[in-house]
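Below is one structure; the comments refer to it alone.
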Amino acid sequence: MSVGAATGRVVRVNGPLVEVAGLSGVAALDVVEVGPLRIPAEVVSIRDGLLTAEAFEYTGGLRVGDVAVSSLRPLSARLGPGLLGGVFDGLLRPLAEAPTWLTPGALAEHPSGASWPFAPASIDVGTVLSPGATLGTVTTGSGFVHRVLVPPDVHGALTWLAGPGATGDDDVVATVAGRAVNLWEEWPVRWPRPVRERLRPFAPLVTGQRVVDLFFPIAHGATAAVPGGFGTGKTMLLQQIVKWADVEVVVFIGCGERGNELADAMADLTALNDPATGASLRERTVVIANTSNMPVMARVASVYTGMTVAEYFRDMGYRVVVLADSTSRWAEAMREFSSRSGELPAEEGYPASLSSSLAAFYERASRVTTLGGTEGSVTLIGAISPAGGDMTEPVTSQTVRYVRCLWSLDRDLAYARHYPAVTWRHSFSLDDASIANWHATQGRSGWVEARAQALALLAEADRLSSVVELVGLGALPARERIVLLTGRLLREAILQQSAMSENDAYCSPAKQAALLDMVLSVHDKCLSLIEGGLPASAVEEIDLSTVTRARDETGPDDAEGVTRLRDEVLARMASEP
């Protein structure tokens, strides 16, 4: 790329849209810094020497004639130790010194000065190293092992490796093929990091939420969407997944989220301990905070920044989950910019590129063999906030095309205080077949049949509920009345879950299977009582409160306790005349 003119001039400012003239040698997606505050802006189009860029800061005070300088590089994230436990803006700049970060351009330079205990790997000088090879490790205060890798674009002989000891961010720890390697590296956020091989999803991402893990499971490296109107519990569900997902790293992207909700989530993460390490859950979490009061176009950058951070930890061989709340706010930012740039609008004013942007984003989730030969994964879960709860709007309808799981939230369930308000009517999972194989390896070969039977009973109970409203319960045959009873037990004993209960906030896969087995066993016993001549009304009067209380009265991992309660209920039912 030729350097061309080093500086240009601002010729037009329209909100986040900035047009620059007189700046040559710039490529699309390069970053230019405009105005005296060096506001970063990404070039989105070049026509006849006129650059159009989207500014990632507020442009108030920016004037025609202000200087624009090109960085001659795309928007990149600084990746290295210190990310875990931190809170960053959409450009991965730390927000620890608020409200300083409210000033545009105040954090244009990355802070430095931190030091880390570097432990070199056992590698002889002269060894030829491939991309992704481990040069050493840094152990953070929480005990997390941060692996220092050969960058993806470096291949060659090791000529020098630093010894053990405290190492600063900018200190060189190795020289490979004549190139100095630091503890940190920069990577363009819109470029997926390379891998050796993409693998098929297999093992489930255990969230501890029964409606997800039992009925609509997601595999490590897969994708899910969580659409729901206002007040249906999207943020609450995502926060529960942050707390309980069986991953080593969580990247939470607060894209246009309310600041108070993000503050509550941070307080919970600090207070709770990771069951795997005993440290605070915040120590395994990277928060990208681009709240609703922050520059709107930074939302566009935040989703790519969060995904780049996730891929960075994936390349170390870790399992990572990315939670984006919400992708609707990201799409709205793209819509605002496209309207200001005069782009021909598509459905509901969104840009025509919305579908391809969503596809490219969700495509970056995967389970892979890394360049270093280890296995890692990035699982992506995106919340959607459709206006008025309209599930046919463009962001929802386009996202459903590219995800493997849909956890659709229902307003009626939410208003009935049914949490999580994931409706079994419109949700789906395309990972159920591969996850069934995983359950079989864990000794739960009947998982597929039990799940299918439960979903069929829920669907049949919903159909019969409409019939009961017309003809009354007494007009139904006995078998169908038992289906209605079982549907209620499935909803209350399994699908409902209390995030405030120590026993029920998290539910292990073994306990989930035991609860489902309890309900289905009670269903079969009720049918046998009906076939034995007992009236349906008498079966409905049997005290089954033990079934609905089992989730709260047994520990998160107490599958044996659930089985014991099941046996007690069945024995009591067998004594019915």
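In the structure tokens, each chain is lettered A, B, ... as it comes, each chain's residues begin at 1, and ligands are numbered from 1 in order of appearance.
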
Could you tell me, as a PDB file with C-alpha atoms, in the first residue's frame, which residues of range 43-132 of chain A DSSP assigns to strand (DSSP E) when given the backbone?
```pdb
ATOM      1  CA  VAL A  43     -13.351   4.001   6.657  1.00  0.00           C
ATOM      2  CA  VAL A  44     -16.416   2.361   5.128  1.00  0.00           C
ATOM      3  CA  SER A  45     -16.285   3.706   1.579  1.00  0.00           C
ATOM      4  CA  ILE A  46     -13.925   5.518  -0.798  1.00  0.00           C
ATOM      5  CA  ARG A  47     -15.240   7.332  -3.856  1.00  0.00           C
ATOM      6  CA  LEU A  50     -13.642  11.224  -0.700  1.00  0.00           C
ATOM      7  CA  LEU A  51     -13.499   8.961   2.365  1.00  0.00           C
ATOM      8  CA  THR A  52     -16.614   8.161   4.369  1.00  0.00           C
ATOM      9  CA  ALA A  53     -15.922   6.952   7.885  1.00  0.00           C
ATOM     10  CA  GLU A  54     -17.966   5.984  10.941  1.00  0.00           C
ATOM     11  CA  ALA A  55     -16.719   7.643  14.131  1.00  0.00           C
ATOM     12  CA  VAL A  67      -7.186  17.543  10.345  1.00  0.00           C
ATOM     13  CA  ALA A  68      -7.625  13.809   9.630  1.00  0.00           C
ATOM     14  CA  VAL A  69      -4.669  11.417   9.934  1.00  0.00           C
ATOM     15  CA  SER A  70      -4.574   7.845   8.654  1.00  0.00           C
ATOM     16  CA  SER A  71      -3.192   5.021  10.789  1.00  0.00           C
ATOM     17  CA  LEU A  72      -2.736   2.898   7.645  1.00  0.00           C
ATOM     18  CA  ARG A  73      -4.067  -0.146   9.507  1.00  0.00           C
ATOM     19  CA  PRO A  74      -7.491  -1.609  10.274  1.00  0.00           C
ATOM     20  CA  SER A  76      -7.309  -3.801  15.879  1.00  0.00           C
ATOM     21  CA  ALA A  77      -7.593  -5.112  19.419  1.00  0.00           C
ATOM     22  CA  ARG A  78      -4.661  -5.274  21.820  1.00  0.00           C
ATOM     23  CA  LEU A  79      -4.625  -8.858  23.131  1.00  0.00           C
ATOM     24  CA  VAL A  87     -14.169  -3.980  31.759  1.00  0.00           C
ATOM     25  CA  PHE A  88     -13.516  -2.389  28.379  1.00  0.00           C
ATOM     26  CA  SER A 115       4.300  -6.612  34.633  1.00  0.00           C
ATOM     27  CA  TRP A 116       3.596 -10.342  34.661  1.00  0.00           C
ATOM     28  CA  PRO A 117       5.459 -13.455  35.894  1.00  0.00           C
ATOM     29  CA  PHE A 118       6.659 -15.086  32.675  1.00  0.00           C
ATOM     30  CA  ALA A 119       7.639 -18.776  32.708  1.00  0.00           C
ATOM     31  CA  PRO A 120       9.352 -19.844  29.460  1.00  0.00           C
ATOM     32  CA  VAL A 128      11.700 -24.247  14.170  1.00  0.00           C
ATOM     33  CA  LEU A 129       8.368 -23.072  15.543  1.00  0.00           C
TER      34      LEU A 129
END
```

Note to self: Given only C-alpha atoms as the basis, pick out the residue of A:Asn182, A:Thr207, A:Thr277, A:Ser537 nearest to Arg481 in chain A.
What the structure shows: A:Ser537

Next item on the list: For each of A:Glu57, A:Glu248, A:Asp431, A:Glu502, take the minimum atom-to-atom distance to Pro201 in chain A, counting only C-alpha atoms, then give the residue where this is smallest.
Entry: A:Asp431

Note to self: Please compute the CA of Gly472 in chain A-CA of Ala536 in chain A distance, one decimal, in Å.
What the structure shows: 14.2 Å

Item checked: Nearest to Val368 in chain A, chosen from A:Gly35, A:Gly165, A:Gly221, A:Pro151, with only C-alpha atoms counted in the distances -> A:Gly221

Any idea what's packed within 12 Å of Gly372 in chain A, counting only C-alpha atoms, ignoring anything in its chain fewer than 6 positions away? Could you give it as an mmCIF file with N, CA and C atoms, in the first residue's frame?
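Written output follows (part-v1.cif):
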```cif
data_model
loop_
_atom_site.group_PDB
_atom_site.id
_atom_site.type_symbol
_atom_site.label_atom_id
_atom_site.label_comp_id
_atom_site.auth_asym_id
_atom_site.auth_seq_id
_atom_site.Cartn_x
_atom_site.Cartn_y
_atom_site.Cartn_z
ATOM 1 N N LEU A 129 9.688 -23.170 14.923
ATOM 2 C CA LEU A 129 8.368 -23.072 15.543
ATOM 3 C C LEU A 129 7.319 -22.691 14.517
ATOM 4 N N SER A 130 6.164 -23.302 14.636
ATOM 5 C CA SER A 130 5.023 -22.981 13.776
ATOM 6 C C SER A 130 4.095 -22.017 14.493
ATOM 7 N N PRO A 131 3.214 -21.357 13.762
ATOM 8 C CA PRO A 131 2.226 -20.486 14.420
ATOM 9 C C PRO A 131 1.423 -21.248 15.454
ATOM 10 N N GLY A 132 1.198 -20.638 16.606
ATOM 11 C CA GLY A 132 0.413 -21.249 17.662
ATOM 12 C C GLY A 132 1.218 -22.028 18.671
ATOM 13 N N ALA A 133 2.526 -22.198 18.434
ATOM 14 C CA ALA A 133 3.364 -22.907 19.394
ATOM 15 C C ALA A 133 3.478 -22.099 20.687
ATOM 16 N N THR A 134 3.560 -22.782 21.820
ATOM 17 C CA THR A 134 3.621 -22.117 23.124
ATOM 18 C C THR A 134 5.050 -21.732 23.451
ATOM 19 N N LEU A 135 5.269 -20.427 23.684
ATOM 20 C CA LEU A 135 6.583 -19.918 24.056
ATOM 21 C C LEU A 135 6.769 -19.872 25.565
ATOM 22 N N ARG A 147 -1.351 -18.489 28.059
ATOM 23 C CA ARG A 147 -0.292 -19.029 27.213
ATOM 24 C C ARG A 147 0.171 -17.977 26.206
ATOM 25 N N VAL A 148 1.470 -17.793 26.130
ATOM 26 C CA VAL A 148 2.060 -16.872 25.154
ATOM 27 C C VAL A 148 2.402 -17.687 23.918
ATOM 28 N N LEU A 149 1.764 -17.375 22.801
ATOM 29 C CA LEU A 149 1.876 -18.179 21.589
ATOM 30 C C LEU A 149 2.655 -17.449 20.500
ATOM 31 N N VAL A 150 3.212 -18.240 19.593
ATOM 32 C CA VAL A 150 3.791 -17.669 18.377
ATOM 33 C C VAL A 150 2.648 -17.077 17.552
ATOM 34 N N PRO A 151 2.737 -15.821 17.137
ATOM 35 C CA PRO A 151 1.631 -15.193 16.387
ATOM 36 C C PRO A 151 1.288 -15.983 15.126
ATOM 37 N N PRO A 152 0.037 -15.856 14.658
ATOM 38 C CA PRO A 152 -0.402 -16.648 13.495
ATOM 39 C C PRO A 152 0.391 -16.401 12.224
ATOM 40 N N HIS A 155 6.561 -17.817 11.434
ATOM 41 C CA HIS A 155 7.023 -19.206 11.319
ATOM 42 C C HIS A 155 8.522 -19.180 11.083
ATOM 43 N N PRO A 194 -6.919 -17.439 12.298
ATOM 44 C CA PRO A 194 -6.830 -18.719 11.570
ATOM 45 C C PRO A 194 -6.756 -19.911 12.515
ATOM 46 N N VAL A 195 -7.213 -21.056 12.026
ATOM 47 C CA VAL A 195 -7.174 -22.316 12.779
ATOM 48 C C VAL A 195 -6.663 -23.414 11.849
ATOM 49 N N ARG A 196 -6.320 -24.549 12.460
ATOM 50 C CA ARG A 196 -5.858 -25.685 11.656
ATOM 51 C C ARG A 196 -7.035 -26.427 11.038
ATOM 52 N N GLU A 197 -8.109 -26.626 11.826
ATOM 53 C CA GLU A 197 -9.259 -27.388 11.337
ATOM 54 C C GLU A 197 -10.488 -27.029 12.149
ATOM 55 N N ARG A 314 -9.501 -18.873 22.678
ATOM 56 C CA ARG A 314 -9.723 -20.169 22.028
ATOM 57 C C ARG A 314 -8.415 -20.740 21.500
ATOM 58 N N ASP A 315 -7.558 -19.877 20.938
ATOM 59 C CA ASP A 315 -6.302 -20.345 20.375
ATOM 60 C C ASP A 315 -5.360 -20.879 21.436
ATOM 61 N N MET A 316 -5.604 -20.547 22.707
ATOM 62 C CA MET A 316 -4.811 -21.115 23.802
ATOM 63 C C MET A 316 -5.313 -22.498 24.200
ATOM 64 N N GLY A 317 -6.421 -22.944 23.589
ATOM 65 C CA GLY A 317 -6.977 -24.249 23.910
ATOM 66 C C GLY A 317 -8.100 -24.208 24.923
#
```

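With only C-alpha atoms taken into account, the protein and nucleic acid residues at most 10 Å from Gln240 in chain A (excluding it and anything under 2 positions from it in its own chain) are Thr207, Gly208, Gln209, Thr235, Met236, Leu237, Leu238, Val242, Lys243, Trp244, Ala245, Ala265, Ala499, Ala505 and Tyr506 of chain A.
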
Next, dump the selected residues to file, keeping only N, CA and C atoms, as a PDB file, in the first residue's frame.
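Everything below was put into selection_15.pdb:
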```pdb
ATOM      1  N   THR A 207     -25.333 -25.323  30.767  1.00  0.00           N
ATOM      2  CA  THR A 207     -25.659 -24.013  31.331  1.00  0.00           C
ATOM      3  C   THR A 207     -26.266 -24.110  32.719  1.00  0.00           C
ATOM      4  N   GLY A 208     -26.710 -25.311  33.107  1.00  0.00           N
ATOM      5  CA  GLY A 208     -27.392 -25.457  34.389  1.00  0.00           C
ATOM      6  C   GLY A 208     -28.836 -25.027  34.362  1.00  0.00           C
ATOM      7  N   GLN A 209     -29.334 -24.598  33.185  1.00  0.00           N
ATOM      8  CA  GLN A 209     -30.732 -24.190  33.016  1.00  0.00           C
ATOM      9  C   GLN A 209     -31.454 -25.333  32.309  1.00  0.00           C
ATOM     10  N   THR A 235     -31.783 -10.672  29.532  1.00  0.00           N
ATOM     11  CA  THR A 235     -30.558 -10.375  30.279  1.00  0.00           C
ATOM     12  C   THR A 235     -30.391 -11.320  31.454  1.00  0.00           C
ATOM     13  N   MET A 236     -31.492 -11.637  32.133  1.00  0.00           N
ATOM     14  CA  MET A 236     -31.418 -12.548  33.278  1.00  0.00           C
ATOM     15  C   MET A 236     -30.922 -13.921  32.844  1.00  0.00           C
ATOM     16  N   LEU A 237     -31.429 -14.426  31.730  1.00  0.00           N
ATOM     17  CA  LEU A 237     -31.004 -15.734  31.242  1.00  0.00           C
ATOM     18  C   LEU A 237     -29.529 -15.717  30.863  1.00  0.00           C
ATOM     19  N   LEU A 238     -29.092 -14.666  30.173  1.00  0.00           N
ATOM     20  CA  LEU A 238     -27.690 -14.585  29.780  1.00  0.00           C
ATOM     21  C   LEU A 238     -26.782 -14.482  31.000  1.00  0.00           C
ATOM     22  N   VAL A 242     -23.672 -16.818  32.104  1.00  0.00           N
ATOM     23  CA  VAL A 242     -22.361 -16.299  32.481  1.00  0.00           C
ATOM     24  C   VAL A 242     -21.876 -16.980  33.764  1.00  0.00           C
ATOM     25  N   LYS A 243     -22.792 -17.136  34.725  1.00  0.00           N
ATOM     26  CA  LYS A 243     -22.412 -17.669  36.039  1.00  0.00           C
ATOM     27  C   LYS A 243     -22.118 -19.166  36.008  1.00  0.00           C
ATOM     28  N   TRP A 244     -22.873 -19.928  35.203  1.00  0.00           N
ATOM     29  CA  TRP A 244     -22.851 -21.376  35.365  1.00  0.00           C
ATOM     30  C   TRP A 244     -22.322 -22.164  34.169  1.00  0.00           C
ATOM     31  N   ALA A 245     -22.078 -21.532  33.038  1.00  0.00           N
ATOM     32  CA  ALA A 245     -21.639 -22.289  31.861  1.00  0.00           C
ATOM     33  C   ALA A 245     -20.305 -22.978  32.120  1.00  0.00           C
ATOM     34  N   ALA A 265     -24.946  -7.008  36.953  1.00  0.00           N
ATOM     35  CA  ALA A 265     -24.261  -8.237  36.534  1.00  0.00           C
ATOM     36  C   ALA A 265     -22.830  -8.262  37.061  1.00  0.00           C
ATOM     37  N   ALA A 499     -33.807 -18.620  39.960  1.00  0.00           N
ATOM     38  CA  ALA A 499     -32.439 -18.102  39.970  1.00  0.00           C
ATOM     39  C   ALA A 499     -32.010 -17.641  41.356  1.00  0.00           C
ATOM     40  N   ALA A 505     -30.740 -22.651  41.316  1.00  0.00           N
ATOM     41  CA  ALA A 505     -30.151 -21.714  40.352  1.00  0.00           C
ATOM     42  C   ALA A 505     -29.342 -22.454  39.297  1.00  0.00           C
ATOM     43  N   TYR A 506     -28.699 -23.548  39.727  1.00  0.00           N
ATOM     44  CA  TYR A 506     -27.945 -24.398  38.809  1.00  0.00           C
ATOM     45  C   TYR A 506     -28.425 -25.828  38.985  1.00  0.00           C
TER      46      TYR A 506
END
```

Margin query: So that I can check the surroundings of Pro227 in chain A, please list as a PyMOL selection string every protein, DNA and RNA residue that reaches within 6 Å of it, counting only C-alpha atoms and ignoring chain neighbours fewer than 3 positions away.
Written below: chain A and resi 383-384+408

Checklist line | Sel. of helix (DSSP H, G or I) residues, range 372-565 of chain A, as JSON, numbers by chain | finding: {"A": [387, 388, 389, 394, 395, 396, 397, 398, 399, 411, 412, 413, 414, 415, 432, 433, 434, 435, 436, 437, 438, 439, 440, 441, 447, 448, 449, 450, 451, 452, 453, 454, 455, 456, 457, 458, 459, 460, 461, 462, 463, 464, 465, 466, 467, 468, 469, 470, 471, 473, 474, 475, 478, 479, 480, 481, 482, 483, 484, 485, 486, 487, 488, 489, 490, 491, 492, 493, 494, 495, 509, 510, 511, 512, 513, 514, 515, 516, 517, 518, 519, 520, 521, 522, 523, 524, 525, 526, 527, 528, 529, 530, 531, 536, 537, 538, 539, 540, 545, 546, 547, 548, 549, 550, 551, 552, 553, 559, 560, 561, 562, 563, 564, 565]}

Next item on the list: Skip Asp268 in chain A itself and residues of its chain fewer than 6 positions away, then list as a PyMOL selection string all residues within 9 Å of it, counting only C-alpha atoms.
Entry: chain A and resi 239+243+281-282

Only N, CA and C atoms, please: the residues just picked out, written as a PDB file, in the first residue's frame.
```
ATOM      1  N   GLN A 239     -27.218 -13.735  32.002  1.00  0.00           N
ATOM      2  CA  GLN A 239     -26.404 -13.612  33.209  1.00  0.00           C
ATOM      3  C   GLN A 239     -26.289 -14.946  33.937  1.00  0.00           C
ATOM      4  N   LYS A 243     -22.792 -17.136  34.725  1.00  0.00           N
ATOM      5  CA  LYS A 243     -22.412 -17.669  36.039  1.00  0.00           C
ATOM      6  C   LYS A 243     -22.118 -19.166  36.008  1.00  0.00           C
ATOM      7  N   LEU A 281     -16.069 -15.234  39.948  1.00  0.00           N
ATOM      8  CA  LEU A 281     -16.453 -15.475  38.552  1.00  0.00           C
ATOM      9  C   LEU A 281     -15.989 -14.352  37.633  1.00  0.00           C
ATOM     10  N   ARG A 282     -15.820 -13.174  38.191  1.00  0.00           N
ATOM     11  CA  ARG A 282     -15.377 -12.051  37.363  1.00  0.00           C
ATOM     12  C   ARG A 282     -13.972 -12.289  36.817  1.00  0.00           C
TER      13      ARG A 282
END
```

Notebook entry, point to check: Closest to Thr232 in chain A among A:Gly388, A:Gly141, A:Gly446, A:Gly8, using only C-alpha atoms?
Noted result: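 Among the listed residues, the smallest separation from Thr232 in chain A belongs to A:Gly388.
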
Within 9 Å of range 343-351 of chain A, counting only C-alpha atoms, which residues qualify if same-chain residues fewer than 2 places away don't, as a PDB file with N, CA and C atoms, in the first residue's frame?
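This went into part-v9.pdb:
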```pdb
ATOM      1  N   ALA A 331     -27.529  -3.894  15.234  1.00  0.00           N
ATOM      2  CA  ALA A 331     -28.178  -3.681  13.942  1.00  0.00           C
ATOM      3  C   ALA A 331     -28.756  -2.270  13.836  1.00  0.00           C
ATOM      4  N   GLU A 332     -29.283  -1.760  14.947  1.00  0.00           N
ATOM      5  CA  GLU A 332     -29.820  -0.401  14.923  1.00  0.00           C
ATOM      6  C   GLU A 332     -28.729   0.630  14.670  1.00  0.00           C
ATOM      7  N   MET A 334     -26.056   0.087  12.828  1.00  0.00           N
ATOM      8  CA  MET A 334     -25.795   0.005  11.388  1.00  0.00           C
ATOM      9  C   MET A 334     -26.890   0.707  10.603  1.00  0.00           C
ATOM     10  N   ARG A 335     -28.138   0.588  11.071  1.00  0.00           N
ATOM     11  CA  ARG A 335     -29.239   1.259  10.377  1.00  0.00           C
ATOM     12  C   ARG A 335     -29.099   2.768  10.453  1.00  0.00           C
ATOM     13  N   GLU A 336     -28.693   3.277  11.622  1.00  0.00           N
ATOM     14  CA  GLU A 336     -28.536   4.721  11.744  1.00  0.00           C
ATOM     15  C   GLU A 336     -27.466   5.257  10.804  1.00  0.00           C
ATOM     16  N   PHE A 337     -26.348   4.550  10.728  1.00  0.00           N
ATOM     17  CA  PHE A 337     -25.273   5.041   9.869  1.00  0.00           C
ATOM     18  C   PHE A 337     -25.659   4.944   8.401  1.00  0.00           C
ATOM     19  N   SER A 338     -26.319   3.849   8.015  1.00  0.00           N
ATOM     20  CA  SER A 338     -26.688   3.701   6.614  1.00  0.00           C
ATOM     21  C   SER A 338     -27.677   4.777   6.178  1.00  0.00           C
ATOM     22  N   SER A 339     -28.567   5.185   7.092  1.00  0.00           N
ATOM     23  CA  SER A 339     -29.519   6.240   6.744  1.00  0.00           C
ATOM     24  C   SER A 339     -28.810   7.584   6.578  1.00  0.00           C
ATOM     25  N   ARG A 340     -27.790   7.833   7.387  1.00  0.00           N
ATOM     26  CA  ARG A 340     -27.049   9.095   7.260  1.00  0.00           C
ATOM     27  C   ARG A 340     -26.169   9.120   6.021  1.00  0.00           C
ATOM     28  N   SER A 341     -25.707   7.937   5.585  1.00  0.00           N
ATOM     29  CA  SER A 341     -24.836   7.891   4.410  1.00  0.00           C
ATOM     30  C   SER A 341     -25.612   7.863   3.100  1.00  0.00           C
ATOM     31  N   SER A 353     -27.049  -4.987   3.775  1.00  0.00           N
ATOM     32  CA  SER A 353     -25.965  -5.872   4.202  1.00  0.00           C
ATOM     33  C   SER A 353     -26.228  -6.517   5.561  1.00  0.00           C
ATOM     34  N   LEU A 354     -27.404  -6.283   6.154  1.00  0.00           N
ATOM     35  CA  LEU A 354     -27.676  -6.819   7.481  1.00  0.00           C
ATOM     36  C   LEU A 354     -27.524  -8.336   7.519  1.00  0.00           C
ATOM     37  N   SER A 355     -28.105  -9.024   6.551  1.00  0.00           N
ATOM     38  CA  SER A 355     -28.062 -10.480   6.555  1.00  0.00           C
ATOM     39  C   SER A 355     -26.635 -11.007   6.467  1.00  0.00           C
ATOM     40  N   GLU A 393     -39.656  -9.399  12.641  1.00  0.00           N
ATOM     41  CA  GLU A 393     -38.847  -8.257  12.208  1.00  0.00           C
ATOM     42  C   GLU A 393     -37.501  -8.746  11.670  1.00  0.00           C
ATOM     43  N   PRO A 394     -36.766  -7.907  10.896  1.00  0.00           N
ATOM     44  CA  PRO A 394     -35.611  -8.395  10.128  1.00  0.00           C
ATOM     45  C   PRO A 394     -34.498  -9.010  10.956  1.00  0.00           C
ATOM     46  N   VAL A 395     -34.135  -8.426  12.090  1.00  0.00           N
ATOM     47  CA  VAL A 395     -32.997  -8.953  12.848  1.00  0.00           C
ATOM     48  C   VAL A 395     -33.300 -10.372  13.328  1.00  0.00           C
TER      49      VAL A 395
END
```

Note to self: One number please: CA of Tyr318 in chain A to CA of Val448 in chain A, in Å, one decimal.
What the structure shows: 28.6 Å

For the interface of range 341-390 of chain A with range 320-329 of chain A (cut-off 6 Å, counting only C-alpha atoms), please tabulate each contacting residue of range 341-390 of chain A alongside its nearest pair of atoms and their separation in Å to one decimal, rows sorted by chain and increasing number, as a Markdown table.
```
| residue | atom | partner | partner_atom | distance |
| --- | --- | --- | --- | --- |
| A:Ser377 | CA | A:Val320 | CA | 6.0 |
| A:Val378 | CA | A:Val320 | CA | 4.8 |
| A:Thr379 | CA | A:Val321 | CA | 4.6 |
| A:Leu380 | CA | A:Val322 | CA | 4.8 |
| A:Ile381 | CA | A:Leu323 | CA | 5.0 |
| A:Gly382 | CA | A:Ala324 | CA | 4.7 |
| A:Ala383 | CA | A:Ser326 | CA | 4.7 |
| A:Ile384 | CA | A:Ser328 | CA | 5.3 |
| A:Ser385 | CA | A:Ser328 | CA | 5.6 |
```

Just N, CA and C atoms for this one: save the residues we selected as a PDB file, in the first residue's frame.
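What landed in selection18.pdb:
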```pdb
ATOM      1  N   SER A 377     -12.795 -23.829  21.588  1.00  0.00           N
ATOM      2  CA  SER A 377     -14.109 -23.541  21.006  1.00  0.00           C
ATOM      3  C   SER A 377     -14.578 -22.153  21.400  1.00  0.00           C
ATOM      4  N   VAL A 378     -15.387 -21.581  20.542  1.00  0.00           N
ATOM      5  CA  VAL A 378     -16.101 -20.337  20.822  1.00  0.00           C
ATOM      6  C   VAL A 378     -17.573 -20.602  20.575  1.00  0.00           C
ATOM      7  N   THR A 379     -18.376 -20.500  21.615  1.00  0.00           N
ATOM      8  CA  THR A 379     -19.826 -20.648  21.514  1.00  0.00           C
ATOM      9  C   THR A 379     -20.440 -19.264  21.576  1.00  0.00           C
ATOM     10  N   LEU A 380     -21.320 -18.952  20.644  1.00  0.00           N
ATOM     11  CA  LEU A 380     -21.883 -17.607  20.534  1.00  0.00           C
ATOM     12  C   LEU A 380     -23.377 -17.635  20.815  1.00  0.00           C
ATOM     13  N   ILE A 381     -23.807 -16.820  21.783  1.00  0.00           N
ATOM     14  CA  ILE A 381     -25.221 -16.688  22.124  1.00  0.00           C
ATOM     15  C   ILE A 381     -25.580 -15.208  22.029  1.00  0.00           C
ATOM     16  N   GLY A 382     -26.497 -14.892  21.141  1.00  0.00           N
ATOM     17  CA  GLY A 382     -26.873 -13.500  20.921  1.00  0.00           C
ATOM     18  C   GLY A 382     -28.318 -13.240  21.312  1.00  0.00           C
ATOM     19  N   ALA A 383     -28.525 -12.224  22.134  1.00  0.00           N
ATOM     20  CA  ALA A 383     -29.882 -11.813  22.487  1.00  0.00           C
ATOM     21  C   ALA A 383     -30.417 -10.878  21.406  1.00  0.00           C
ATOM     22  N   ILE A 384     -31.724 -10.953  21.183  1.00  0.00           N
ATOM     23  CA  ILE A 384     -32.393 -10.091  20.201  1.00  0.00           C
ATOM     24  C   ILE A 384     -33.547  -9.398  20.901  1.00  0.00           C
ATOM     25  N   SER A 385     -33.679  -8.094  20.661  1.00  0.00           N
ATOM     26  CA  SER A 385     -34.746  -7.304  21.282  1.00  0.00           C
ATOM     27  C   SER A 385     -35.692  -6.781  20.208  1.00  0.00           C
TER      28      SER A 385
END
```

Next item on the list: Go ahead and compute the interatomic distance for CA of Ala550 in chain A and CA of Val562 in chain A, in Å to one decimal.
Entry: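 Computing it gives 6.2 Å between the two atoms.
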
Next item on the list: Check the smallest atom-to-atom distance from each of A:Ser498, A:Ser445, A:Thr175, A:Thr59 to Val13 in chain A using only C-alpha atoms, then report the winner.
Entry: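 Comparing A:Ser498, A:Ser445, A:Thr175, A:Thr59 against Val13 in chain A, the winner is A:Thr59.
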
Item checked: Given only C-alpha atoms as the counted atoms, nearest of A:Trp184, A:Phe230, A:Phe428, A:Phe252 to Gly306 in chain A ->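 Nearest to Gly306 in chain A: A:Phe252.
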